[in-house]
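Data block for work36.tsv (TSV, C-alpha atoms):
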```tsv
chain	number	residue	atom	x	y	z
A	116	MET	CA	-23.60	18.12	-56.26
A	117	SER	CA	-27.30	17.11	-56.30
A	118	THR	CA	-29.33	14.11	-57.36
A	119	GLN	CA	-33.00	13.39	-57.91
A	120	ILE	CA	-34.81	10.81	-55.79
A	121	THR	CA	-38.26	9.34	-56.33
A	122	LEU	CA	-40.58	8.98	-53.36
A	123	SER	CA	-43.74	6.89	-53.37
A	124	SER	CA	-47.02	8.82	-53.22
A	125	GLN	CA	-47.61	7.10	-49.87
A	126	LEU	CA	-44.65	9.06	-48.46
A	127	LEU	CA	-44.88	12.17	-50.58
A	128	GLY	CA	-48.46	13.08	-49.61
A	129	PRO	CA	-47.93	13.33	-45.85
A	130	LEU	CA	-44.46	14.82	-46.40
A	131	ARG	CA	-45.91	17.67	-48.47
A	132	GLN	CA	-48.53	18.27	-45.80
A	133	ILE	CA	-45.92	18.46	-43.02
A	134	ALA	CA	-43.74	20.74	-45.16
A	135	SER	CA	-46.70	23.04	-45.73
A	136	GLU	CA	-47.62	23.12	-42.05
A	137	LYS	CA	-44.03	23.87	-41.03
A	138	GLY	CA	-43.45	26.41	-43.81
A	139	ARG	CA	-40.51	24.40	-45.11
A	140	SER	CA	-39.69	22.80	-48.45
A	141	VAL	CA	-39.95	19.05	-49.02
A	142	GLU	CA	-36.27	19.09	-50.08
A	143	ALA	CA	-35.18	20.71	-46.81
A	144	ILE	CA	-37.03	18.09	-44.74
A	145	VAL	CA	-35.66	15.18	-46.80
A	146	GLU	CA	-32.16	16.57	-46.47
A	147	GLU	CA	-32.55	16.87	-42.70
A	148	VAL	CA	-33.88	13.29	-42.44
A	149	VAL	CA	-31.03	11.89	-44.55
A	150	ALA	CA	-28.40	13.83	-42.57
A	151	ASP	CA	-29.91	12.49	-39.34
A	152	TYR	CA	-29.89	8.94	-40.72
A	153	LEU	CA	-26.24	9.21	-41.78
A	154	ARG	CA	-25.28	10.59	-38.37
A	155	HIS	CA	-27.00	7.69	-36.59
A	156	GLN	CA	-25.42	5.13	-38.92
A	157	ARG	CA	-21.98	6.62	-38.24
A	158	HIS	CA	-22.64	6.56	-34.50
A	159	ALA	CA	-23.72	2.88	-34.66
A	160	LEU	CA	-20.53	1.96	-36.57
A	161	LEU	CA	-18.39	3.84	-34.05
A	162	LEU	CA	-20.13	2.03	-31.16
A	163	THR	CA	-19.26	-1.32	-32.80
A	164	GLU	CA	-15.67	-0.17	-33.30
A	165	MET	CA	-15.59	0.89	-29.64
A	166	GLU	CA	-16.48	-2.69	-28.66
A	167	ARG	CA	-13.48	-3.90	-30.67
A	168	PHE	CA	-11.30	-1.31	-28.94
A	169	ARG	CA	-12.47	-2.49	-25.49
A	170	ALA	CA	-11.74	-6.11	-26.43
A	171	ARG	CA	-8.17	-5.28	-27.55
A	172	HIS	CA	-7.50	-2.55	-24.98
A	173	ALA	CA	-4.79	-4.31	-22.92
A	174	GLU	CA	-2.80	-5.18	-26.03
A	175	LEU	CA	-3.20	-1.69	-27.54
A	176	LEU	CA	-2.28	-0.03	-24.23
A	177	ALA	CA	1.02	-1.89	-24.18
A	178	LYS	CA	1.83	-0.57	-27.65
A	179	TYR	CA	0.22	2.89	-27.86
A	180	ARG	CA	-0.03	4.14	-24.25
A	181	GLY	CA	-1.07	7.81	-24.16
A	182	GLN	CA	-1.38	8.08	-27.95
A	183	TYR	CA	-4.41	8.52	-30.16
A	184	ILE	CA	-5.19	5.70	-32.56
A	185	GLY	CA	-7.49	5.44	-35.58
A	186	LEU	CA	-9.34	2.11	-35.55
A	187	ARG	CA	-11.35	0.60	-38.42
A	188	GLU	CA	-12.71	-2.95	-38.32
A	189	GLY	CA	-10.42	-3.69	-35.41
A	190	ARG	CA	-7.28	-2.63	-37.29
A	191	VAL	CA	-5.10	0.32	-36.24
A	192	LEU	CA	-4.85	2.50	-39.35
A	193	ASP	CA	-2.64	5.19	-37.84
A	194	HIS	CA	-1.53	6.70	-34.52
A	195	ASP	CA	-0.21	10.01	-33.23
A	196	SER	CA	0.40	11.77	-29.92
A	197	ASP	CA	-1.86	14.61	-31.18
A	198	GLY	CA	-5.48	13.61	-31.78
A	199	GLY	CA	-6.19	16.61	-34.00
A	200	VAL	CA	-3.20	15.88	-36.22
A	201	LEU	CA	-4.28	12.24	-36.50
A	202	TYR	CA	-7.86	13.25	-37.38
A	203	ALA	CA	-6.66	15.60	-40.14
A	204	ARG	CA	-4.33	12.93	-41.56
A	205	LEU	CA	-7.01	10.20	-41.52
A	206	ARG	CA	-9.48	12.55	-43.23
A	207	ARG	CA	-6.95	13.28	-45.99
A	208	GLN	CA	-6.33	9.56	-46.49
A	209	HIS	CA	-9.82	8.10	-46.00
A	210	GLY	CA	-12.32	10.96	-46.45
A	211	ASP	CA	-15.67	10.50	-44.69
A	212	LEU	CA	-15.05	6.85	-43.74
A	213	PRO	CA	-16.14	6.32	-40.11
A	214	ILE	CA	-12.91	5.71	-38.19
A	215	LEU	CA	-12.87	5.51	-34.42
A	216	ILE	CA	-10.31	7.93	-32.97
A	217	VAL	CA	-9.59	7.28	-29.30
A	218	GLN	CA	-6.88	8.03	-26.80
A	219	VAL	CA	-5.31	4.87	-25.40
A	220	ALA	CA	-5.38	5.48	-21.64
A	221	GLU	CA	-5.59	3.25	-18.57
A	222	THR	CA	-9.25	2.55	-19.25
A	223	PRO	CA	-10.82	2.31	-22.71
A	224	GLU	CA	-13.73	4.67	-21.95
A	225	GLN	CA	-13.24	8.22	-23.21
A	226	GLU	CA	-14.56	10.01	-20.16
A	227	PHE	CA	-14.66	13.70	-19.24
A	228	THR	CA	-15.77	15.53	-16.11
A	229	ILE	CA	-17.50	18.88	-16.08
A	230	ARG	CA	-18.00	20.27	-12.59
A	231	ASN	CA	-20.80	22.62	-13.57
A	232	PRO	CA	-24.13	22.37	-11.74
A	233	ARG	CA	-25.80	24.01	-14.78
A	234	LEU	CA	-25.15	20.76	-16.65
A	235	GLU	CA	-26.65	18.49	-14.00
A	236	THR	CA	-30.06	18.48	-15.65
A	237	ALA	CA	-28.35	17.15	-18.79
A	238	VAL	CA	-26.22	14.61	-16.92
B	222	MET	CA	-9.90	41.08	-27.31
B	223	SER	CA	-12.41	41.91	-24.60
B	224	GLU	CA	-15.80	40.35	-23.99
B	225	PRO	CA	-18.47	41.15	-21.38
B	226	TYR	CA	-19.40	38.44	-18.88
B	227	SER	CA	-22.40	36.36	-19.87
B	228	ASN	CA	-25.64	37.05	-18.03
B	229	ARG	CA	-26.90	33.59	-18.95
B	230	ALA	CA	-25.44	32.46	-15.62
B	231	LEU	CA	-26.02	34.05	-12.22
B	232	PRO	CA	-23.79	35.59	-10.99
B	233	PRO	CA	-22.51	36.53	-14.47
B	234	MET	CA	-19.85	34.23	-15.88
B	235	PRO	CA	-16.62	35.03	-17.79
B	236	ALA	CA	-17.15	34.55	-21.51
B	237	LEU	CA	-15.24	34.75	-24.77
B	238	SER	CA	-16.29	34.96	-28.39
B	239	VAL	CA	-15.16	31.92	-30.38
B	240	ARG	CA	-15.48	30.58	-33.90
B	241	LEU	CA	-15.58	26.90	-34.79
B	242	ARG	CA	-14.30	25.32	-37.98
B	243	SER	CA	-14.78	21.82	-39.33
B	244	ASP	CA	-11.93	20.17	-41.20
B	245	ALA	CA	-14.52	17.93	-42.90
B	246	THR	CA	-16.32	20.78	-44.69
B	247	ASP	CA	-14.07	23.83	-44.18
B	248	LYS	CA	-17.16	25.62	-42.83
B	249	ILE	CA	-16.60	28.27	-40.14
B	250	SER	CA	-19.25	29.31	-37.66
B	251	ASP	CA	-20.29	32.84	-36.91
B	252	PRO	CA	-18.84	34.17	-33.64
B	253	ILE	CA	-20.45	32.37	-30.67
B	254	ILE	CA	-20.27	33.36	-27.01
B	255	ALA	CA	-18.58	30.62	-24.98
B	256	LEU	CA	-18.57	30.43	-21.19
B	257	VAL	CA	-15.18	30.17	-19.48
B	258	ASP	CA	-15.41	27.06	-17.31
B	259	THR	CA	-12.31	25.98	-15.40
B	260	GLY	CA	-14.30	23.07	-13.94
B	261	ALA	CA	-14.54	21.42	-17.36
B	262	ASP	CA	-11.85	18.90	-18.36
B	263	ALA	CA	-12.67	19.49	-22.00
B	264	THR	CA	-14.63	21.91	-24.15
B	265	LEU	CA	-18.31	21.15	-24.59
B	266	VAL	CA	-20.22	22.31	-27.68
B	267	PRO	CA	-23.99	22.14	-28.26
B	268	LEU	CA	-24.61	19.61	-31.03
B	269	GLN	CA	-26.47	22.17	-33.13
B	270	TYR	CA	-23.28	24.21	-33.65
B	271	LEU	CA	-21.31	21.11	-34.67
B	272	LEU	CA	-23.96	20.05	-37.17
B	273	GLU	CA	-24.12	23.54	-38.67
B	274	ILE	CA	-20.45	23.39	-39.64
B	275	GLY	CA	-20.75	19.76	-40.81
B	276	SER	CA	-18.52	18.29	-38.13
B	277	GLU	CA	-18.51	14.50	-37.85
B	278	GLU	CA	-18.40	12.25	-34.79
B	279	THR	CA	-15.12	10.41	-34.21
B	280	ALA	CA	-15.88	8.45	-31.02
B	281	PRO	CA	-18.52	7.78	-28.41
B	282	GLY	CA	-17.62	9.03	-24.94
B	283	TRP	CA	-18.94	9.73	-21.45
B	284	LEU	CA	-19.60	12.96	-19.64
B	285	ARG	CA	-19.53	12.89	-15.84
B	286	GLY	CA	-21.14	15.68	-13.83
B	287	VAL	CA	-20.62	16.93	-10.25
B	288	THR	CA	-22.94	14.26	-8.81
B	289	GLY	CA	-20.96	11.50	-10.53
B	290	GLU	CA	-23.70	10.48	-12.95
B	291	ARG	CA	-22.58	9.59	-16.48
B	292	LEU	CA	-24.17	10.63	-19.76
B	293	PRO	CA	-23.25	9.12	-23.14
B	294	VAL	CA	-21.90	11.76	-25.53
B	295	ALA	CA	-20.25	11.95	-28.93
B	296	LEU	CA	-16.75	13.35	-29.51
B	297	TYR	CA	-15.70	15.56	-32.41
B	298	PHE	CA	-12.55	17.31	-33.63
B	299	VAL	CA	-12.92	20.99	-34.50
B	300	ASP	CA	-10.66	24.00	-34.90
B	301	ILE	CA	-11.37	26.70	-32.29
B	302	ARG	CA	-10.49	30.34	-32.79
B	303	VAL	CA	-10.43	32.71	-29.81
B	304	GLY	CA	-9.45	36.23	-30.81
B	305	HIS	CA	-6.01	36.00	-32.44
B	306	ALA	CA	-5.39	32.50	-31.09
B	307	ALA	CA	-6.23	29.43	-33.18
B	308	PHE	CA	-6.34	25.88	-31.84
B	309	PRO	CA	-6.54	23.27	-34.60
B	310	GLY	CA	-7.98	19.82	-34.02
B	311	VAL	CA	-9.42	20.17	-30.53
B	312	ARG	CA	-11.38	17.15	-29.34
B	313	VAL	CA	-14.69	18.49	-28.04
B	314	ILE	CA	-17.75	16.95	-26.41
B	315	GLY	CA	-20.93	17.29	-28.48
B	316	SER	CA	-24.04	17.67	-26.37
B	317	SER	CA	-27.64	17.78	-27.53
B	318	GLU	CA	-28.67	18.99	-24.06
B	319	ALA	CA	-26.27	21.91	-23.53
B	320	GLU	CA	-27.27	25.43	-24.58
B	321	ASP	CA	-23.87	27.11	-24.27
B	322	ILE	CA	-20.34	26.33	-25.34
B	323	LEU	CA	-18.22	25.68	-22.25
B	324	LEU	CA	-14.56	26.44	-22.87
B	325	GLY	CA	-12.73	23.83	-20.81
B	326	ARG	CA	-9.20	23.60	-19.49
B	327	ASP	CA	-8.00	21.92	-22.69
B	328	VAL	CA	-8.29	25.36	-24.33
B	329	LEU	CA	-8.13	27.67	-21.29
B	330	ASN	CA	-4.72	26.35	-20.26
B	331	LYS	CA	-3.33	27.74	-23.53
B	332	LEU	CA	-4.73	31.25	-23.01
B	333	SER	CA	-3.68	34.17	-20.82
B	334	LEU	CA	-6.85	35.75	-19.50
B	335	PHE	CA	-7.65	38.66	-17.26
B	336	LEU	CA	-10.96	38.16	-15.45
B	337	ASP	CA	-12.06	41.64	-14.49
B	338	GLY	CA	-14.79	40.59	-12.07
B	339	PRO	CA	-15.89	44.04	-10.85
B	340	GLU	CA	-16.17	45.23	-14.46
B	341	HIS	CA	-17.72	41.95	-15.67
B	342	GLN	CA	-15.24	41.80	-18.52
B	343	THR	CA	-12.98	39.01	-19.83
B	344	ASP	CA	-9.78	40.11	-21.58
B	345	LEU	CA	-7.49	37.99	-23.71
B	346	LEU	CA	-4.09	39.45	-22.89
B	347	ASP	CA	-1.60	40.34	-25.61
B	348	ASP	CA	2.03	39.16	-25.46
B	349	ALA	CA	3.31	42.45	-23.98
B	350	ALA	CA	0.84	42.33	-21.08
B	351	VAL	CA	1.69	38.67	-20.42
B	352	GLN	CA	5.45	39.42	-20.36
B	353	ARG	CA	4.90	42.37	-17.98
B	354	LEU	CA	2.82	40.27	-15.58
B	355	ARG	CA	5.28	37.37	-15.65
B	356	ALA	CA	8.18	39.74	-14.88
B	357	ARG	CA	6.41	40.83	-11.67
B	358	ARG	CA	6.46	37.31	-10.15
```
What do you get writing this file as structure tokens?
Amino acid sequence: MSTQITLSSQLLGPLRQIASEKGRSVEAIVEEVVADYLRHQRHALLLTEMERFRARHAELLAKYRGQYIGLREGRVLDHDSDGGVLYARLRRQHGDLPILIVQVAETPEQEFTIRNPRLETAV
Amino acid sequence: MSEPYSNRALPPMPALSVRLRSDATDKISDPIIALVDTGADATLVPLQYLLEIGSEETAPGWLRGVTGERLPVALYFVDIRVGHAAFPGVRVIGSSEAEDILLGRDVLNKLSLFLDGPEHQTDLLDDAAVQRLRARR
């Protein structure tokens, strides 16, 4: 599926110049920018949902301890002991809709440890 | 399945060839060399690989390193294929900083591996070899 978009000459001029300098097409750069924008929007929505999860954590822990839940606008849409199964089910039911999927553990933060000194520059 | 150790770490590190698949797009990656890292709670994937298959973030998370410092990360669900073994819906850590996939204990604890250190070779054992080794205990 594709659609046409109209850009102002103010944007199109410099965009064509950058595309030429980088040896890329204008379409490829626009697609990359839009994908990046969508990713950041999704991340921002998930951060907001995470705040809701933190606020309700004690209550959710009592009900869903150890399980994965799918949270949207503070409401639990679904839950499962297997996060992957829950993700697949939520995708079938809600498509691309940003839904926070978290494991309900003792603390709300989804934290992992990697004991690899090669990663220390990143962490 | 047998894979040489990776020389991207010194001394060389056990490695396996993996393929990633996104449920969101049904796209499958080309084979990618992943480092075997028993010190990792979970599998870590460079963000670039996740974006290439169209995977989508499902939660923000934190990654803690050996010094205890925390880095904000994004979490994704992907299918991971290692040789004949397939693991659907594995929650992985997406990292824009990492260069290599680190196969963590979430996946490693489901595999029977032979780390042939002197030969710098990682083997994924077949069922017959696993049964033979278990019978020797």
Exercise for the section: Counting only C-alpha atoms, collect the residues of chain A whose closest atom lies at most 8 Å from chain B, and write them out as a PyMOL selection string. Expected result: chain A and resi 154+157-158+161-162+165+198-200+202-203+206+211+213-217+224-232+234-235+237-238
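Straight-line separation from CA of Arg229 (chain B) to CA of Leu324 (chain B): 14.8 Å.
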Practice task
Rounded to one decimal place, report the CA of Leu346 (chain B)-CA of Leu332 (chain B) distance in Å.
Solution key: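 Computing it gives 8.2 Å between the two atoms.
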Problem - Separation of CA of Asp197 (chain A) from CA of Tyr183 (chain A) in Å - result: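 Taking CA of Tyr183 (chain A) and CA of Asp197 (chain A), their separation equals 6.7 Å.
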Practice task
Excluding Arg190 (chain A) and any residue of its chain fewer than 3 positions from it, enumerate the residues within 10 Å of it, using all atoms listed in the file, and give them as a ChimeraX atom specification.
Solution key: /A:164,167-168,184-187,193
Problem - Shortest interatomic distance to Asp344 (chain B) - which of B:Gln269, B:Ser238, B:Asn228, B:Ser250, counting only C-alpha atoms - result: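 Of all the options, B:Ser238 lies closest to Asp344 (chain B).
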Box centre and edge lengths (Å, one decimal), axis-aligned, region 298-307 of chain B plus 3 Å each side, as JSON:
```
{"center_x": -9.2, "center_y": 26.8, "center_z": -32.4, "size_x": 13.5, "size_y": 24.9, "size_z": 11.1}
```
Exercise for the section: Counting all atoms listed in the file, figure out which residue out of B:Pro225, B:Tyr270, B:Gly304, B:Ala236 gets nearest to Pro339 (chain B). Expected result: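 For Pro339 (chain B), the nearest of the candidates is B:Pro225.
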Problem - Distance criterion (all atoms listed in the file): nearest to Ile322 (chain B) out of B:Leu345, B:Ile274, B:Ile301, B:Val351 - result: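 Looking at the shortest contact to Ile322 (chain B), the residue is B:Ile301.
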